[in-house]
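For reference, the structure discussed in these notes is given below.
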Amino acid sequence: MSRSAAPGLLIACLVLAAGFALAFTVGRYPVDLADVAALLAAKLTGSSANLPPAVESVILQVRGPRVLAAVFVGAALAVAGTAFQGLFRNPLVSPDILGASSGAALGAVLGIYFSLGVLGIQGLAFAGGLAAVAAVYVIGSIIPARDPILVLVLTGVVVGALLGAGVGLIKYLADPYNQLPAITFWLLGSLAATGPSDLVPLFGPVAIGTLVLLALRWRMNVMSLPDEEARALGVATGPLRIVIVAAATLVTSASVATAGIIGWVGLVVPHLARALVGPDFARLLPTAAILGGGFLLVIDTLARTMASVEIPLGILTAVLGTPFFIWLLASVGRTWS
Amino acid sequence: MNLEGRSVSIGYRDRVVGRNLDVALATGEALALLGPNGSGKTTLLKTLLGLIAPLGGEVRLEGRTLDAYPARERARMIAYVPQSHAPTFAFPVESIVLMGRTAHGSLFSRPSERDRAAAMAALERLGIAHLAARPYTMISGGERQLVLLARALAQDPKFIVLDEPTASLDFGNQGKIMDEIVRLAASGHGVLFTTHDPNHALRAADRAYLLRDGTCIADGPIGKILTRENLEAIYRAPVRVLVDAKSGTNAFLPG
């Protein structure tokens, strides 16, 4: 091919590695990377690492789960955004284009309003994301149209707006002293409360969806062509589109259920990855996954260390990311779009 | 081998564009489809490609109805060269041509060395191998049209269907495309193309099919069909015929 993928992929891996190092070594309880390695080795071999219990607890119960969650969520949002941008042939698309985030938001907000536990809130958020996209897909498929993609996107936008109204209504009705702050905090996105028990419900769906999308990465090039062209090239676009949407929705819903709404990552990381390795999905998708994981890990580390209180992730991604992206846009030009 | 529409009615769910059309394309011949704007050329093209279902009648490929072919099998028989368009993502030209090999691999397979060789061979055949690494978004409209034709060649089909292949091209590239159509038919492909220029049909096609308001006006050998009378009938405009004294070939001028 025209351009080697190796340097771009390497940069993405370096970002992820730097993110790991930074995440463990800074913060209120800095952890030596050697301790992390020793603990991992000890866990794998079944021996004891001879670390102080406090350090072990920070690594296993607090920092470790949060680091893994940041990587999974970042990777998931980046992969879903990459898939949707290709599928809808639009570089402005983000993972919530079909209503996954708004559906998850309404689910979570309802969970908070009815004072459900953490599991209940996360479960409702996950189900809400899946249900919203399923509804959008069914409605979009019923409407007869020559351009099924356009109808799908428009349906996603209007259903998303309706779900947003639902969120607004619950906020209006919620108890302003207890529930409203919780709702606001959730909607801004955070990994502060992530513990070991959050990892399985996050990792399972993210792994399944990501593996499906990675397996289909060669076909996704063709799926980014106009529908009739893709069909003339021998792709059964209808079934394949359902599989891609389902996989991307699965990872998005799981991420949003764990971390709340984190905008920006799914929109911009695909562009950063494209700047690194070009538009071919065969390399773009893995690169976006790694870069997204590293990116959110860095952002989350900043979120918990920049100020004396946690800064919501959704705010930080936008504040730090926007100038960076504008700089990138201006310096690289549009050859890599 | 034959691709044929038998008394097909064409159109969309809410709009019938043409009724009872009989059209046949054999391998080894080039068929030109002419008609005024809105006569149903593109709709007929897409129906024969299997991209839209016929409203009546049937499309048959090698004696089997086209609906019975899975998308992949159909794509190994018929390739489509759409009008060139600016894509969203800046794929290199080679990747675009490589997509023509989609139907030769499985759902999860990566392109093989054979696929890459076929893509390069297609680019070389059209004399655009030097574009291979260029982003598809950064080349001219004429070059894009050639790239889409290369993609169809890489697809290795029996039939190639082109939608106004000369529409966006300069004079020289128009000739290049028409030469290629002649060569494809000579090498045993069935080629179907639409055009707004009867001279292009005369130059590249063996047969012509004239469409007006979704009805076939004439269908037969190019020399017999492309007459002033027929052209004036389908375009409802006066047509002049120029004859080259040296070679005896005709050319048409509108007005």
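All residue names refer to the structure tokens as shown: chains lettered A, B, ... in order, residues numbered from 1 in each chain, ligands numbered from 1 in order.
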
Exercise. Any idea which chain A residues end up within 8 Å of chain B if we count only C-alpha atoms, as a list in words please?
Worked result: Met1, Ser2, Arg89, Asn90, Pro91, Ala215, Leu216, Arg217, Trp218, Arg219, Asn221, Val222, Leu225, Glu228, Glu229, Arg231, Ala232, Leu233, Gly234, Val235, Ala236, Gly278, Pro279, Asp280, Thr335, Trp336 and Ser337 of chain A

For this session: Within 9 Å of Gly223 of chain B, counting only C-alpha atoms, which residues show up once you throw out same-chain ones fewer than 2 positions away? Write them as a VMD selection string, please.
Result: chain B and resid 202 206 to 208 220 to 221 225 to 227

Exercise. Do you have the atom CA of Ala54 of chain A-atom CA of Ala41 of chain A distance handy?
Worked result: 18.0 Å

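Between atom CA of Met220 of chain A and atom CA of Ala289 of chain A lies a distance of 15.4 Å.
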
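Residue nearest Tyr172 of chain A within the list A:Val109, A:Leu191, A:Ala37, A:Val73: A:Val109 [criterion: smallest interatomic distance, only C-alpha atoms].
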
Problem set entry | Contact residues around segment 31-39 of chain B with only C-alpha atoms at 9 Å, ignoring same-chain residues under 5 positions, as a PyMOL selection string | chain B and resi 17-18+24-26+45+190-198+200-202+204-215+222+231+234-235

Hey, can you spit out that residue selection with N, CA and C atoms as a compact mmCIF listing (two decimals), in the first residue's frame?
# COMPACT_ATOMS: atom_id res chain seq x y z
N VAL B 17 -41.45 4.15 -13.97
CA VAL B 17 -40.67 4.94 -14.93
C VAL B 17 -40.80 4.38 -16.35
N GLY B 18 -40.90 3.06 -16.48
CA GLY B 18 -41.03 2.46 -17.81
C GLY B 18 -41.74 1.13 -17.73
N ALA B 24 -31.68 -6.93 -24.23
CA ALA B 24 -30.76 -8.05 -24.06
C ALA B 24 -29.35 -7.60 -24.36
N LEU B 25 -28.43 -8.10 -23.54
CA LEU B 25 -27.01 -7.79 -23.74
C LEU B 25 -26.25 -9.11 -23.73
N ALA B 26 -25.50 -9.35 -24.80
CA ALA B 26 -24.72 -10.58 -24.87
C ALA B 26 -23.25 -10.26 -24.61
N LEU B 45 -30.81 0.89 -16.14
CA LEU B 45 -29.45 0.44 -15.83
C LEU B 45 -29.41 -0.24 -14.45
N GLY B 190 -19.60 -8.19 -22.03
CA GLY B 190 -20.80 -7.50 -22.47
C GLY B 190 -20.78 -6.12 -21.83
N VAL B 191 -20.85 -5.07 -22.66
CA VAL B 191 -20.74 -3.71 -22.12
C VAL B 191 -22.04 -2.95 -22.41
N LEU B 192 -22.60 -2.37 -21.37
CA LEU B 192 -23.79 -1.53 -21.53
C LEU B 192 -23.46 -0.15 -20.99
N PHE B 193 -23.68 0.89 -21.81
CA PHE B 193 -23.42 2.23 -21.29
C PHE B 193 -24.49 3.21 -21.75
N THR B 194 -24.73 4.21 -20.91
CA THR B 194 -25.65 5.27 -21.31
C THR B 194 -24.82 6.45 -21.78
N THR B 195 -25.37 7.23 -22.68
CA THR B 195 -24.67 8.42 -23.11
C THR B 195 -25.67 9.44 -23.63
N HIS B 196 -25.27 10.71 -23.55
CA HIS B 196 -26.09 11.76 -24.14
C HIS B 196 -25.60 12.14 -25.52
N ASP B 197 -24.51 11.51 -25.95
CA ASP B 197 -23.92 11.89 -27.23
C ASP B 197 -24.02 10.73 -28.22
N PRO B 198 -24.86 10.86 -29.23
CA PRO B 198 -25.01 9.78 -30.22
C PRO B 198 -23.68 9.44 -30.89
N HIS B 200 -20.81 9.25 -29.48
CA HIS B 200 -20.10 8.29 -28.65
C HIS B 200 -20.66 6.89 -28.86
N ALA B 201 -21.99 6.81 -28.99
CA ALA B 201 -22.61 5.51 -29.24
C ALA B 201 -22.13 4.96 -30.58
N LEU B 202 -22.12 5.83 -31.57
CA LEU B 202 -21.70 5.44 -32.91
C LEU B 202 -20.25 4.95 -32.89
N ALA B 204 -18.48 3.71 -30.25
CA ALA B 204 -18.05 2.61 -29.38
C ALA B 204 -19.01 1.42 -29.36
N ALA B 205 -20.26 1.60 -29.76
CA ALA B 205 -21.24 0.53 -29.54
C ALA B 205 -21.51 -0.28 -30.80
N ASP B 206 -21.92 -1.55 -30.60
CA ASP B 206 -22.38 -2.38 -31.72
C ASP B 206 -23.88 -2.21 -31.92
N ARG B 207 -24.57 -1.97 -30.82
CA ARG B 207 -26.03 -1.84 -30.91
C ARG B 207 -26.46 -0.62 -30.11
N ALA B 208 -27.64 -0.12 -30.44
CA ALA B 208 -28.20 1.00 -29.69
C ALA B 208 -29.62 0.66 -29.25
N TYR B 209 -29.98 1.23 -28.11
CA TYR B 209 -31.32 1.03 -27.55
C TYR B 209 -31.83 2.42 -27.22
N LEU B 210 -32.90 2.85 -27.89
CA LEU B 210 -33.38 4.21 -27.71
C LEU B 210 -34.62 4.22 -26.81
N LEU B 211 -34.56 5.08 -25.81
CA LEU B 211 -35.61 5.12 -24.79
C LEU B 211 -36.24 6.51 -24.80
N ARG B 212 -37.57 6.55 -24.74
CA ARG B 212 -38.22 7.84 -24.55
C ARG B 212 -39.43 7.63 -23.64
N ASP B 213 -39.52 8.40 -22.58
CA ASP B 213 -40.63 8.30 -21.62
C ASP B 213 -40.83 6.86 -21.16
N GLY B 214 -39.76 6.15 -20.95
CA GLY B 214 -39.86 4.79 -20.43
C GLY B 214 -40.33 3.77 -21.45
N THR B 215 -40.32 4.14 -22.72
CA THR B 215 -40.72 3.20 -23.77
C THR B 215 -39.58 3.04 -24.75
N ILE B 222 -26.19 -0.58 -34.54
CA ILE B 222 -25.97 0.84 -34.34
C ILE B 222 -26.21 1.66 -35.62
N LEU B 231 -33.28 9.90 -33.98
CA LEU B 231 -32.76 10.84 -32.98
C LEU B 231 -33.70 12.03 -32.81
N ILE B 234 -36.59 10.83 -30.61
CA ILE B 234 -36.45 10.69 -29.15
C ILE B 234 -36.13 12.01 -28.48
N TYR B 235 -35.36 12.88 -29.13
CA TYR B 235 -35.01 14.14 -28.46
C TYR B 235 -35.99 15.26 -28.78

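Taking only C-alpha atoms into account, Ile181 of chain B lies nearest to B:Glu29 out of the set B:Ile10, B:Gly63, B:Ile128, B:Glu29.
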
Exercise: Leu153 of chain B partners within 9 Å, only C-alpha atoms, chain neighbours under 6 positions left out, as a PDB file with N, CA and C atoms, in the first residue's frame:
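New file out.pdb:
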ATOM      1  N   ALA B  79     -20.320  -5.803 -13.245  1.00  0.00           N
ATOM      2  CA  ALA B  79     -19.693  -4.683 -12.543  1.00  0.00           C
ATOM      3  C   ALA B  79     -20.391  -3.389 -12.941  1.00  0.00           C
ATOM      4  N   VAL B  97      -9.534   0.818  -6.120  1.00  0.00           N
ATOM      5  CA  VAL B  97      -9.544  -0.246  -7.132  1.00  0.00           C
ATOM      6  C   VAL B  97      -9.584  -1.615  -6.450  1.00  0.00           C
ATOM      7  N   GLY B 100     -12.763  -3.338  -5.753  1.00  0.00           N
ATOM      8  CA  GLY B 100     -13.368  -4.132  -6.819  1.00  0.00           C
ATOM      9  C   GLY B 100     -13.199  -5.624  -6.591  1.00  0.00           C
ATOM     10  N   ALA B 118      -4.295  -7.941  -9.348  1.00  0.00           N
ATOM     11  CA  ALA B 118      -5.408  -7.649 -10.258  1.00  0.00           C
ATOM     12  C   ALA B 118      -5.703  -6.150 -10.272  1.00  0.00           C
ATOM     13  N   ALA B 119      -5.624  -5.532  -9.085  1.00  0.00           N
ATOM     14  CA  ALA B 119      -5.877  -4.092  -9.007  1.00  0.00           C
ATOM     15  C   ALA B 119      -4.810  -3.319  -9.771  1.00  0.00           C
ATOM     16  N   ALA B 121      -2.943  -4.450 -12.219  1.00  0.00           N
ATOM     17  CA  ALA B 121      -3.094  -4.745 -13.646  1.00  0.00           C
ATOM     18  C   ALA B 121      -4.184  -3.872 -14.264  1.00  0.00           C
ATOM     19  N   ALA B 122      -5.277  -3.679 -13.511  1.00  0.00           N
ATOM     20  CA  ALA B 122      -6.375  -2.849 -14.022  1.00  0.00           C
ATOM     21  C   ALA B 122      -5.918  -1.399 -14.190  1.00  0.00           C
ATOM     22  N   LEU B 123      -5.145  -0.911 -13.214  1.00  0.00           N
ATOM     23  CA  LEU B 123      -4.635   0.462 -13.304  1.00  0.00           C
ATOM     24  C   LEU B 123      -3.680   0.606 -14.493  1.00  0.00           C
ATOM     25  N   ILE B 160     -20.150  -5.330 -17.932  1.00  0.00           N
ATOM     26  CA  ILE B 160     -19.808  -4.057 -17.302  1.00  0.00           C
ATOM     27  C   ILE B 160     -20.860  -3.025 -17.696  1.00  0.00           C
TER      28      ILE B 160
END
